[in-house]
Amino acid sequence: MINENAALYKDFHACDNPECSWSPRKIVRGVEVKFDGGSFTFRYGDRIAGPYHDIYQLTPEELSEKLGIDLEAALAARLTALQIYEDRELEIRDLLEIRDLVEALGVTVKRDDMNKVVTFLAMLSAFTDNDQINVSFRAESSTGKSYIPLEISALFPQDRIVRIAYSSPTAFFHERGARDEETGEIMIDLEKRILIFLDQPHNQLLERLRPLLSHDQKELIYKITDKREKLGLRTKTVRIIGYPAVIFCTGRLALDEQEATRMILLSPEV
C-alpha cells in the first residue's frame with residue numbers, strides 16, 4: 001500500500017530528471033504515469049485512470065480497460081509505477097536514518113534522543129492503516145513528562161492532534177462525538193488521530209479504552225449512560241471508528257498489566 005507518510009517527505013527530493021524514479025511524471029508506451037507522493041494517476045490521450053492509493057491492488061486488466069490500451073502497455077505502465085514507488089521508499093528510508101531523525105528533532109528537543117525518536121515514530125504511526133503505536137511516559141511530578149509529546153506534536157497537522165488534560169469516563173465519549181441523526185448513535189472518528197493525555201486518565205476511562213488500544217476491531221461500539229437526560233438515566237450507543245496513536249503522560253509509576261501490554265513505556269531523562 002502507498003505509504004501516506006511518504007507525502008511528508010516528497011519535498012526533500014524535487015527532481016526534474018525524467019530518468020530518476022522520483023520524477024513526478026514518466027511516460028512509458030505513450031502512457032503518462034504520475035505520482036504525487038500519495039497516489040498514482042495514469043493518462044492516455046484524454047482518458048484518465050486513478051488516483052490509486054494502493055498500486056499493488058491495480059491490475060493490468062483494469063488499467064487496460066480504463067485507458068483503452070493493450071494489455072502489454074498497461075503492464076508496462078503498472079511496472080513503471082511500482083518501480084517509482086519502491087525506489088522512492090528506499091530513498092525515504094535513507095533520508096530517515098535514525099541519526100538524521102535525531103538531528104532533525106534536536107531542533108526542538110535537544111536531549112532525550114531515544115524518547116523523542118520513539119515519540120515521533122509513534123505519532124507518525126497514526127497515519128498507517130493498522131500499525132498505530134501507543135506510548136506511556138511515566139515519571140514523578142515536575143519531571144517534564146509531557147514536554148516531549150507536546151513539542152513533537154507541533155510537527156504534525158494540528159487538526160489531527162487531540163490534547164486532553166483530563167476527561168471523565170463518559171465525557172470523553174460525549175464531547176468527542178457527533179450524533180448521527182439516522183441511527184441516533186454518537187460517532188467518534190479517530191482515524192489518523194493522535195491523542196495526547198497530558199495527565200493520567202481516569203481508571204474507568206483507561207479500562208474502556210483497552211479494546212481501542214489493543215486494536216480489537218476497526219469499529220467499536222460502547223454503551224454509555226447519560227445522566228443529563230430530563231427523564232432520568234438513558235443508555236446511548238457510541239461508535240468509535242479507526243485506530244489513533246495514543247500518548248499518555250502519567251505521574252503514576254504503577255501501571256495495570258493490561259495497560260502495560262498495550263503500550264511502549266518511556267521515562268524522560270531527568
# chains A, B, ... in the order shown; residues from 1 in each chain; ligands from 1

$ select_by_dssp --residues "range 59-263 of chain A" --states "helix (DSSP H, G or I)" --output "PyMOL selection string"
chain A and resi 60-67+71-95+98-105+113-127+147-153+158-160+171-176+203-213+257-260

$ residues_around --residues "range 154-161 of chain A" --least-positions-apart "4" --cutoff "12 Å" --atoms "only C-alpha atoms" --output "VMD selection string"
chain A and resid 5 8 104 to 105 107 to 109 119 to 127 147 to 150 189 to 197 244 to 247

$ write_last_selection --atoms "N, CA and C atoms" --output "compact mmCIF listing (two decimals), in the first residue's frame"
# COMPACT_ATOMS: atom_id res chain seq x y z
N ASN A 5 2.89 8.36 4.71
CA ASN A 5 3.93 9.16 5.31
C ASN A 5 4.93 9.66 4.28
N LEU A 8 4.95 13.26 3.42
CA LEU A 8 5.59 14.22 4.32
C LEU A 8 6.98 14.59 3.84
N ALA A 104 17.31 16.05 13.28
CA ALA A 104 16.18 16.89 12.89
C ALA A 104 15.31 17.24 14.08
N LEU A 105 15.04 16.26 14.93
CA LEU A 105 14.20 16.50 16.10
C LEU A 105 14.94 17.33 17.15
N VAL A 107 16.19 20.06 16.85
CA VAL A 107 15.88 21.48 16.71
C VAL A 107 14.93 21.93 17.81
N THR A 108 14.03 21.04 18.20
CA THR A 108 13.06 21.40 19.23
C THR A 108 13.30 20.69 20.56
N VAL A 109 13.81 19.44 20.51
CA VAL A 109 14.11 18.69 21.74
C VAL A 109 15.60 18.37 21.72
N THR A 119 8.74 8.70 20.27
CA THR A 119 7.52 9.51 20.28
C THR A 119 7.15 9.97 18.88
N PHE A 120 8.14 10.41 18.11
CA PHE A 120 7.88 10.85 16.74
C PHE A 120 7.33 9.69 15.89
N LEU A 121 7.97 8.53 15.99
CA LEU A 121 7.53 7.39 15.19
C LEU A 121 6.15 6.91 15.63
N ALA A 122 5.87 7.00 16.93
CA ALA A 122 4.54 6.63 17.41
C ALA A 122 3.48 7.55 16.83
N MET A 123 3.76 8.85 16.82
CA MET A 123 2.79 9.79 16.25
C MET A 123 2.66 9.59 14.75
N LEU A 124 3.77 9.30 14.09
CA LEU A 124 3.74 9.04 12.66
C LEU A 124 2.90 7.81 12.34
N SER A 125 2.91 6.85 13.27
CA SER A 125 2.16 5.61 13.05
C SER A 125 0.66 5.84 12.98
N ALA A 126 0.19 6.99 13.46
CA ALA A 126 -1.24 7.30 13.39
C ALA A 126 -1.74 7.31 11.95
N PHE A 127 -0.84 7.54 11.01
CA PHE A 127 -1.23 7.68 9.61
C PHE A 127 -1.10 6.37 8.83
N TYR A 147 6.61 17.23 28.09
CA TYR A 147 7.37 18.15 27.23
C TYR A 147 7.62 17.57 25.85
N ILE A 148 8.15 16.35 25.80
CA ILE A 148 8.47 15.75 24.51
C ILE A 148 7.22 15.54 23.65
N PRO A 149 6.15 14.93 24.18
CA PRO A 149 4.95 14.77 23.34
C PRO A 149 4.41 16.09 22.81
N LEU A 150 4.40 17.13 23.63
CA LEU A 150 3.86 18.41 23.17
C LEU A 150 4.75 19.04 22.10
N ASP A 189 -14.80 9.71 15.23
CA ASP A 189 -13.83 9.32 14.21
C ASP A 189 -12.42 9.58 14.72
N LEU A 190 -11.69 8.51 15.01
CA LEU A 190 -10.31 8.63 15.50
C LEU A 190 -9.29 8.18 14.46
N GLU A 191 -9.75 8.02 13.23
CA GLU A 191 -8.85 7.62 12.14
C GLU A 191 -7.79 8.70 11.93
N LYS A 192 -6.52 8.27 11.93
CA LYS A 192 -5.40 9.19 11.70
C LYS A 192 -5.39 10.34 12.71
N ARG A 193 -5.69 10.02 13.95
CA ARG A 193 -5.66 11.00 15.03
C ARG A 193 -4.56 10.64 16.03
N ILE A 194 -4.03 11.66 16.68
CA ILE A 194 -3.03 11.48 17.74
C ILE A 194 -3.64 12.01 19.03
N LEU A 195 -3.88 11.12 19.98
CA LEU A 195 -4.45 11.51 21.27
C LEU A 195 -3.33 11.66 22.29
N ILE A 196 -3.27 12.80 22.94
CA ILE A 196 -2.25 13.04 23.97
C ILE A 196 -2.96 13.33 25.28
N PHE A 197 -2.85 12.41 26.23
CA PHE A 197 -3.40 12.62 27.57
C PHE A 197 -2.30 13.25 28.42
N PRO A 244 -6.35 5.37 16.69
CA PRO A 244 -5.45 6.51 16.86
C PRO A 244 -4.11 6.05 17.44
N ALA A 245 -3.12 6.92 17.38
CA ALA A 245 -1.90 6.73 18.17
C ALA A 245 -2.14 7.48 19.48
N VAL A 246 -1.89 6.82 20.60
CA VAL A 246 -2.23 7.40 21.90
C VAL A 246 -0.96 7.57 22.73
N ILE A 247 -0.80 8.78 23.28
CA ILE A 247 0.35 9.10 24.13
C ILE A 247 -0.18 9.46 25.52

$ residues_around --residues "Ala73 in chain A" --least-positions-apart "5" --cutoff "12 Å" --atoms "only C-alpha atoms" --output "VMD selection string"
chain A and resid 27 to 33 42 44 60 to 61 63 to 65 67 to 68 78 to 80

$ closest_residue --among "A:Leu206, A:Val117, A:Ile152, A:Ala171" --to "Thr225 in chain A" --atoms "only C-alpha atoms"
A:Ala171

$ select_by_dssp --residues "range 139-185 of chain A" --states "strand (DSSP E)" --output "list in words"
Ile161, Val162, Arg163, Ile164, Ala178 and Arg179 of chain A

$ residues_around --residues "Ile224 in chain A" --least-positions-apart "5" --cutoff "9 Å" --atoms "only C-alpha atoms" --output "VMD selection string"
chain A and resid 170 173 234 to 238

$ closest_residue --among "A:Leu82, A:Ile241, A:Leu58, A:Leu265" --to "Ile188 in chain A" --atoms "only C-alpha atoms"
A:Ile241

$ residues_around --residues "Arg239 in chain A" --least-positions-apart "6" --cutoff "8 Å" --atoms "only C-alpha atoms" --output "JSON, numbers by chain"
{"A": [185, 186, 187, 188, 219, 220, 221, 222]}

$ atom_distance --atom1 "CA of Glu86 in chain A" --atom2 "CA of Ile133 in chain A"
24.3 Å

$ residues_around --residues "Leu213 in chain A" --least-positions-apart "6" --cutoff "8 Å" --atoms "only C-alpha atoms" --output "CSV table (one decimal) with N, CA, C and O atoms, in the first residue's frame"
chain,number,residue,atom,x,y,z
A,134,ASN,N,1.1,2.9,20.8
A,134,ASN,CA,0.7,3.7,22.0
A,134,ASN,C,1.9,3.8,22.9
A,134,ASN,O,2.7,2.9,23.0
A,243,TYR,N,-8.2,3.6,14.4
A,243,TYR,CA,-7.2,3.4,15.5
A,243,TYR,C,-6.3,4.7,15.6
A,243,TYR,O,-5.7,5.1,14.6
A,246,VAL,N,-1.9,6.8,20.6
A,246,VAL,CA,-2.2,7.4,21.9
A,246,VAL,C,-1.0,7.6,22.7
A,246,VAL,O,-0.2,6.6,22.9
A,262,ARG,N,-0.2,-2.9,26.3
A,262,ARG,CA,-0.7,-2.3,25.1
A,262,ARG,C,0.0,-1.0,24.7
A,262,ARG,O,-0.4,-0.3,23.8
A,263,MET,N,1.2,-0.8,25.4
A,263,MET,CA,1.9,0.5,25.0
A,263,MET,C,3.4,0.3,25.3
A,263,MET,O,3.8,-0.6,26.0

$ atom_distance --atom1 "CA of Thr250 in chain A" --atom2 "CA of Lys110 in chain A"
21.9 Å

$ atom_distance --atom1 "CA of Pro201 in chain A" --atom2 "CA of Val118 in chain A"
21.4 Å

$ closest_residue --among "A:Ser214, A:Gln83, A:Ser267, A:Ser146" --to "Lys26 in chain A" --atoms "only C-alpha atoms"
A:Gln83

$ decode --residues "range 45-143 of chain A" --atoms "C-alpha atoms" --output "PDB file, in the first residue's frame"
ATOM      1  CA  GLY A  45      -4.767  10.747 -24.547  1.00  0.00           C
ATOM      2  CA  ASP A  46      -7.910  12.165 -22.962  1.00  0.00           C
ATOM      3  CA  ARG A  47      -8.563   9.108 -20.784  1.00  0.00           C
ATOM      4  CA  ILE A  48      -7.515   9.078 -17.126  1.00  0.00           C
ATOM      5  CA  ALA A  49      -7.343   6.253 -14.592  1.00  0.00           C
ATOM      6  CA  GLY A  50      -6.909   6.915 -10.892  1.00  0.00           C
ATOM      7  CA  PRO A  51      -5.996   8.129  -8.421  1.00  0.00           C
ATOM      8  CA  TYR A  52      -4.808   4.793  -6.998  1.00  0.00           C
ATOM      9  CA  HIS A  53      -3.607   4.851  -3.399  1.00  0.00           C
ATOM     10  CA  ASP A  54      -2.639   1.173  -3.433  1.00  0.00           C
ATOM     11  CA  ILE A  55      -0.702   0.461  -6.613  1.00  0.00           C
ATOM     12  CA  TYR A  56      -0.303  -3.201  -5.665  1.00  0.00           C
ATOM     13  CA  GLN A  57      -4.065  -3.715  -5.971  1.00  0.00           C
ATOM     14  CA  LEU A  58      -4.218  -2.295  -9.501  1.00  0.00           C
ATOM     15  CA  THR A  59      -4.312  -4.994 -12.182  1.00  0.00           C
ATOM     16  CA  PRO A  60      -3.079  -4.541 -15.779  1.00  0.00           C
ATOM     17  CA  GLU A  61      -6.524  -5.667 -16.969  1.00  0.00           C
ATOM     18  CA  GLU A  62      -8.264  -2.839 -15.110  1.00  0.00           C
ATOM     19  CA  LEU A  63      -5.765  -0.271 -16.366  1.00  0.00           C
ATOM     20  CA  SER A  64      -6.083  -1.576 -19.921  1.00  0.00           C
ATOM     21  CA  GLU A  65      -9.863  -1.252 -19.823  1.00  0.00           C
ATOM     22  CA  LYS A  66      -9.938   2.241 -18.303  1.00  0.00           C
ATOM     23  CA  LEU A  67      -7.320   3.720 -20.630  1.00  0.00           C
ATOM     24  CA  GLY A  68      -8.324   1.795 -23.747  1.00  0.00           C
ATOM     25  CA  ILE A  69      -4.818   0.414 -24.290  1.00  0.00           C
ATOM     26  CA  ASP A  70      -3.484  -3.070 -24.941  1.00  0.00           C
ATOM     27  CA  LEU A  71      -2.572  -5.315 -22.030  1.00  0.00           C
ATOM     28  CA  GLU A  72       1.157  -5.127 -22.719  1.00  0.00           C
ATOM     29  CA  ALA A  73       1.183  -1.315 -22.473  1.00  0.00           C
ATOM     30  CA  ALA A  74      -0.913  -1.472 -19.298  1.00  0.00           C
ATOM     31  CA  LEU A  75       1.528  -3.943 -17.758  1.00  0.00           C
ATOM     32  CA  ALA A  76       4.482  -1.698 -18.626  1.00  0.00           C
ATOM     33  CA  ALA A  77       2.751   1.336 -17.076  1.00  0.00           C
ATOM     34  CA  ARG A  78       1.943  -0.568 -13.881  1.00  0.00           C
ATOM     35  CA  LEU A  79       5.515  -1.877 -13.577  1.00  0.00           C
ATOM     36  CA  THR A  80       6.805   1.678 -14.007  1.00  0.00           C
ATOM     37  CA  ALA A  81       4.535   2.844 -11.186  1.00  0.00           C
ATOM     38  CA  LEU A  82       5.747   0.018  -8.946  1.00  0.00           C
ATOM     39  CA  GLN A  83       9.370   0.920  -9.665  1.00  0.00           C
ATOM     40  CA  ILE A  84       8.721   4.585  -8.857  1.00  0.00           C
ATOM     41  CA  TYR A  85       7.102   3.641  -5.565  1.00  0.00           C
ATOM     42  CA  GLU A  86       9.719   1.105  -4.468  1.00  0.00           C
ATOM     43  CA  ASP A  87      12.669   3.342  -5.383  1.00  0.00           C
ATOM     44  CA  ARG A  88      11.045   6.205  -3.527  1.00  0.00           C
ATOM     45  CA  GLU A  89      10.547   4.071  -0.436  1.00  0.00           C
ATOM     46  CA  LEU A  90      14.233   3.151  -0.450  1.00  0.00           C
ATOM     47  CA  GLU A  91      15.278   6.776  -0.675  1.00  0.00           C
ATOM     48  CA  ILE A  92      12.895   7.768   2.107  1.00  0.00           C
ATOM     49  CA  ARG A  93      14.437   5.108   4.343  1.00  0.00           C
ATOM     50  CA  ASP A  94      17.867   6.535   3.618  1.00  0.00           C
ATOM     51  CA  LEU A  95      16.652  10.035   4.414  1.00  0.00           C
ATOM     52  CA  LEU A  96      15.187   8.936   7.688  1.00  0.00           C
ATOM     53  CA  GLU A  97      18.039   7.029   9.203  1.00  0.00           C
ATOM     54  CA  ILE A  98      17.847   7.281  12.956  1.00  0.00           C
ATOM     55  CA  ARG A  99      20.818   9.614  13.299  1.00  0.00           C
ATOM     56  CA  ASP A 100      19.290  12.022  10.808  1.00  0.00           C
ATOM     57  CA  LEU A 101      15.980  11.874  12.626  1.00  0.00           C
ATOM     58  CA  VAL A 102      17.685  12.569  15.955  1.00  0.00           C
ATOM     59  CA  GLU A 103      19.392  15.585  14.432  1.00  0.00           C
ATOM     60  CA  ALA A 104      16.182  16.891  12.886  1.00  0.00           C
ATOM     61  CA  LEU A 105      14.200  16.504  16.101  1.00  0.00           C
ATOM     62  CA  GLY A 106      17.057  18.122  18.016  1.00  0.00           C
ATOM     63  CA  VAL A 107      15.884  21.485  16.711  1.00  0.00           C
ATOM     64  CA  THR A 108      13.060  21.399  19.231  1.00  0.00           C
ATOM     65  CA  VAL A 109      14.108  18.688  21.744  1.00  0.00           C
ATOM     66  CA  LYS A 110      17.825  18.938  22.483  1.00  0.00           C
ATOM     67  CA  ARG A 111      18.315  15.749  24.507  1.00  0.00           C
ATOM     68  CA  ASP A 112      16.399  12.557  25.257  1.00  0.00           C
ATOM     69  CA  ASP A 113      17.259  11.119  21.842  1.00  0.00           C
ATOM     70  CA  MET A 114      15.638   7.707  22.222  1.00  0.00           C
ATOM     71  CA  ASN A 115      12.442   9.069  23.746  1.00  0.00           C
ATOM     72  CA  LYS A 116      11.957  11.754  21.116  1.00  0.00           C
ATOM     73  CA  VAL A 117      12.538   9.306  18.250  1.00  0.00           C
ATOM     74  CA  VAL A 118      10.080   6.757  19.679  1.00  0.00           C
ATOM     75  CA  THR A 119       7.517   9.511  20.277  1.00  0.00           C
ATOM     76  CA  PHE A 120       7.879  10.846  16.736  1.00  0.00           C
ATOM     77  CA  LEU A 121       7.531   7.385  15.194  1.00  0.00           C
ATOM     78  CA  ALA A 122       4.539   6.626  17.414  1.00  0.00           C
ATOM     79  CA  MET A 123       2.791   9.793  16.247  1.00  0.00           C
ATOM     80  CA  LEU A 124       3.738   9.045  12.658  1.00  0.00           C
ATOM     81  CA  SER A 125       2.160   5.606  13.046  1.00  0.00           C
ATOM     82  CA  ALA A 126      -1.237   7.300  13.393  1.00  0.00           C
ATOM     83  CA  PHE A 127      -1.234   7.681   9.608  1.00  0.00           C
ATOM     84  CA  THR A 128      -0.829   3.952   8.917  1.00  0.00           C
ATOM     85  CA  ASP A 129      -3.732   1.573   8.346  1.00  0.00           C
ATOM     86  CA  ASN A 130      -3.446  -0.584  11.458  1.00  0.00           C
ATOM     87  CA  ASP A 131       0.080  -0.255  12.886  1.00  0.00           C
ATOM     88  CA  GLN A 132      -0.559   2.534  15.380  1.00  0.00           C
ATOM     89  CA  ILE A 133       1.684   2.651  18.444  1.00  0.00           C
ATOM     90  CA  ASN A 134       0.718   3.669  21.980  1.00  0.00           C
ATOM     91  CA  VAL A 135       3.260   5.254  24.329  1.00  0.00           C
ATOM     92  CA  SER A 136       3.179   5.975  28.046  1.00  0.00           C
ATOM     93  CA  PHE A 137       5.579   8.469  29.643  1.00  0.00           C
ATOM     94  CA  ARG A 138       5.885   7.600  33.321  1.00  0.00           C
ATOM     95  CA  ALA A 139       7.762   9.787  35.769  1.00  0.00           C
ATOM     96  CA  GLU A 140       7.474  11.706  39.005  1.00  0.00           C
ATOM     97  CA  SER A 141       5.726  15.068  39.030  1.00  0.00           C
ATOM     98  CA  SER A 142       7.560  18.065  37.548  1.00  0.00           C
ATOM     99  CA  THR A 143       9.975  15.933  35.509  1.00  0.00           C
TER     100      THR A 143
END
